[in-house]
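Asks: Below you will find the structure I want to go over with you.
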Amino acid sequence: MAKEIERAGIPVSQITSLPNIAAMANSNRIVQAHGIIHPVGDAAMAPEEERELRRSLVRKALEALQTDVEGPRLFK
């Protein structure tokens, strides 16, 4: 789906726990998620730590949106 949205001229950054699969699907901007069960969080963390984790993932995704890419690129 990310590829189709990009074809319409809208940049997409995909946060995923499975970056290899996203790359195989030709997603251009791939952000490595934190884990499989909680991709953008961690239930075992204290609330303040988890909030910072979530913020850092969103910042990475926004950075990826601002980056010109030619094909799949992983942002860690």
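Letters A, B, ... go to the chains of the structure tokens in the order shown; residues in each chain start at 1; ligands are counted from 1 in the same order.
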Using only C-alpha atoms, which residues sit within 9 Å of Phe75 in chain A once same-chain residues fewer than 2 positions away are excluded, as a PDB file with C-alpha atoms, in the first residue's frame?
Replies:
ATOM      1  CA  ARG A  29      11.273   4.632   3.669  1.00  0.00           C
ATOM      2  CA  ILE A  30      11.400   1.873   6.263  1.00  0.00           C
ATOM      3  CA  VAL A  31      11.753   2.666   9.976  1.00  0.00           C
ATOM      4  CA  GLN A  32      12.848  -0.177  12.259  1.00  0.00           C
ATOM      5  CA  LYS A  60      12.723   8.869  12.831  1.00  0.00           C
ATOM      6  CA  ALA A  61       9.619   8.443  10.683  1.00  0.00           C
ATOM      7  CA  GLU A  63      13.086  12.364   9.299  1.00  0.00           C
ATOM      8  CA  ALA A  64      12.551   9.569   6.780  1.00  0.00           C
ATOM      9  CA  ARG A  73      16.097   2.486   2.615  1.00  0.00           C
TER      10      ARG A  73
END
Asks: Applying 10 Å and only C-alpha atoms, which residues near Pro39 in chain A remain after dropping the ones on its own chain fewer than 2 positions away? List them as an MDAnalysis selection string.
Replies: chainID A and resid 15:18 32:37 41:42 54 57
Asks: Please, could you write that set of residues out with C-alpha atoms as a PDB file, in the first residue's frame?
Replies:
ATOM      1  CA  ILE A  15       7.313   1.750  10.810  1.00  0.00           C
ATOM      2  CA  THR A  16       7.666  -2.022  10.874  1.00  0.00           C
ATOM      3  CA  SER A  17       9.111  -4.853  12.916  1.00  0.00           C
ATOM      4  CA  LEU A  18       9.842  -6.751   9.705  1.00  0.00           C
ATOM      5  CA  GLN A  32      12.848  -0.177  12.259  1.00  0.00           C
ATOM      6  CA  ALA A  33      10.186  -0.693  14.939  1.00  0.00           C
ATOM      7  CA  HIS A  34      10.925  -1.574  18.559  1.00  0.00           C
ATOM      8  CA  GLY A  35       9.476  -5.086  18.631  1.00  0.00           C
ATOM      9  CA  ILE A  36       7.031  -7.578  17.165  1.00  0.00           C
ATOM     10  CA  ILE A  37       4.227  -7.384  19.733  1.00  0.00           C
ATOM     11  CA  GLY A  41       5.944   0.956  22.344  1.00  0.00           C
ATOM     12  CA  ASP A  42       6.943  -1.407  25.116  1.00  0.00           C
ATOM     13  CA  ARG A  54       7.467   6.483  20.959  1.00  0.00           C
ATOM     14  CA  LEU A  57      10.235   6.422  16.562  1.00  0.00           C
TER      15      LEU A  57
END
Asks: Which residues are near Asn28 in chain A? Cut-off 9 Å, only C-alpha atoms, ignore same chain within fewer than 4 positions. Put them as a PDB file with N, CA and C atoms, in the first residue's frame.
Replies:
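Contents of out-v3.pdb, freshly written:
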ATOM      1  N   ALA A   2       2.000   1.228   0.710  1.00  0.00           N
ATOM      2  CA  ALA A   2       2.876   2.387   0.768  1.00  0.00           C
ATOM      3  C   ALA A   2       3.342   2.785  -0.627  1.00  0.00           C
ATOM      4  N   LYS A   3       3.645   1.810  -1.448  1.00  0.00           N
ATOM      5  CA  LYS A   3       4.115   2.086  -2.803  1.00  0.00           C
ATOM      6  C   LYS A   3       3.041   2.789  -3.628  1.00  0.00           C
ATOM      7  N   GLU A   6       2.813   6.397  -2.557  1.00  0.00           N
ATOM      8  CA  GLU A   6       3.955   7.136  -3.108  1.00  0.00           C
ATOM      9  C   GLU A   6       3.745   7.448  -4.586  1.00  0.00           C
ATOM     10  N   PRO A  11       4.714  11.198   0.058  1.00  0.00           N
ATOM     11  CA  PRO A  11       5.766  10.372   0.662  1.00  0.00           C
ATOM     12  C   PRO A  11       5.231   9.582   1.856  1.00  0.00           C
ATOM     13  N   VAL A  12       5.737   8.371   2.009  1.00  0.00           N
ATOM     14  CA  VAL A  12       5.291   7.472   3.078  1.00  0.00           C
ATOM     15  C   VAL A  12       6.509   6.952   3.818  1.00  0.00           C
ATOM     16  N   SER A  13       6.420   6.900   5.138  1.00  0.00           N
ATOM     17  CA  SER A  13       7.432   6.200   5.911  1.00  0.00           C
ATOM     18  C   SER A  13       6.706   5.114   6.691  1.00  0.00           C
ATOM     19  N   GLN A  14       7.233   3.915   6.614  1.00  0.00           N
ATOM     20  CA  GLN A  14       6.573   2.750   7.203  1.00  0.00           C
ATOM     21  C   GLN A  14       7.358   2.283   8.421  1.00  0.00           C
ATOM     22  N   ALA A  22       9.187  -5.417   4.262  1.00  0.00           N
ATOM     23  CA  ALA A  22       8.862  -4.103   3.705  1.00  0.00           C
ATOM     24  C   ALA A  22       9.768  -3.793   2.517  1.00  0.00           C
ATOM     25  N   ALA A  23      11.037  -4.146   2.609  1.00  0.00           N
ATOM     26  CA  ALA A  23      11.961  -3.924   1.495  1.00  0.00           C
ATOM     27  C   ALA A  23      11.589  -4.792   0.301  1.00  0.00           C
ATOM     28  N   VAL A  69      14.798   9.441  -1.422  1.00  0.00           N
ATOM     29  CA  VAL A  69      15.333   8.099  -1.557  1.00  0.00           C
ATOM     30  C   VAL A  69      15.095   7.577  -2.969  1.00  0.00           C
ATOM     31  N   GLU A  70      15.935   6.659  -3.362  1.00  0.00           N
ATOM     32  CA  GLU A  70      15.798   5.967  -4.642  1.00  0.00           C
ATOM     33  C   GLU A  70      15.709   4.477  -4.335  1.00  0.00           C
ATOM     34  N   GLY A  71      14.533   4.008  -3.960  1.00  0.00           N
ATOM     35  CA  GLY A  71      14.360   2.618  -3.606  1.00  0.00           C
ATOM     36  C   GLY A  71      14.357   2.427  -2.088  1.00  0.00           C
ATOM     37  N   PRO A  72      14.211   1.198  -1.639  1.00  0.00           N
ATOM     38  CA  PRO A  72      14.098   0.917  -0.209  1.00  0.00           C
ATOM     39  C   PRO A  72      15.305   1.379   0.598  1.00  0.00           C
ATOM     40  N   ARG A  73      15.037   2.054   1.711  1.00  0.00           N
ATOM     41  CA  ARG A  73      16.097   2.486   2.615  1.00  0.00           C
ATOM     42  C   ARG A  73      15.616   2.290   4.049  1.00  0.00           C
ATOM     43  N   LEU A  74      16.470   1.688   4.872  1.00  0.00           N
ATOM     44  CA  LEU A  74      16.137   1.408   6.267  1.00  0.00           C
ATOM     45  C   LEU A  74      16.672   2.520   7.159  1.00  0.00           C
TER      46      LEU A  74
END
Asks: How many Å lie between CA of Ser27 in chain A and CA of Glu4 in chain A, rounded to one decimal?
Replies: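 Answer for the CA of Ser27 in chain A to CA of Glu4 in chain A separation: 9.5 Å.
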Asks: Hey, can you check how far CA of Asn26 in chain A sits from CA of Met1 in chain A?
Replies: 10.0 Å
Asks: Give me every strand (DSSP E) residue in chain A, going by DSSP on the backbone, as a PyMOL selection string.
Replies: chain A and resi 13-16+29-32+73-75
Asks: Among chain A, which residues carry a DSSP assignment of alpha helix (DSSP H), reported as a PyMOL selection string?
Replies: chain A and resi 2-7+19-24+47-65
Asks: Expressed in Å to a single decimal, how great is the separation between CA of Val58 in chain A and CA of Ile5 in chain A?
Replies: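 Answer for the CA of Val58 in chain A to CA of Ile5 in chain A separation: 19.1 Å.
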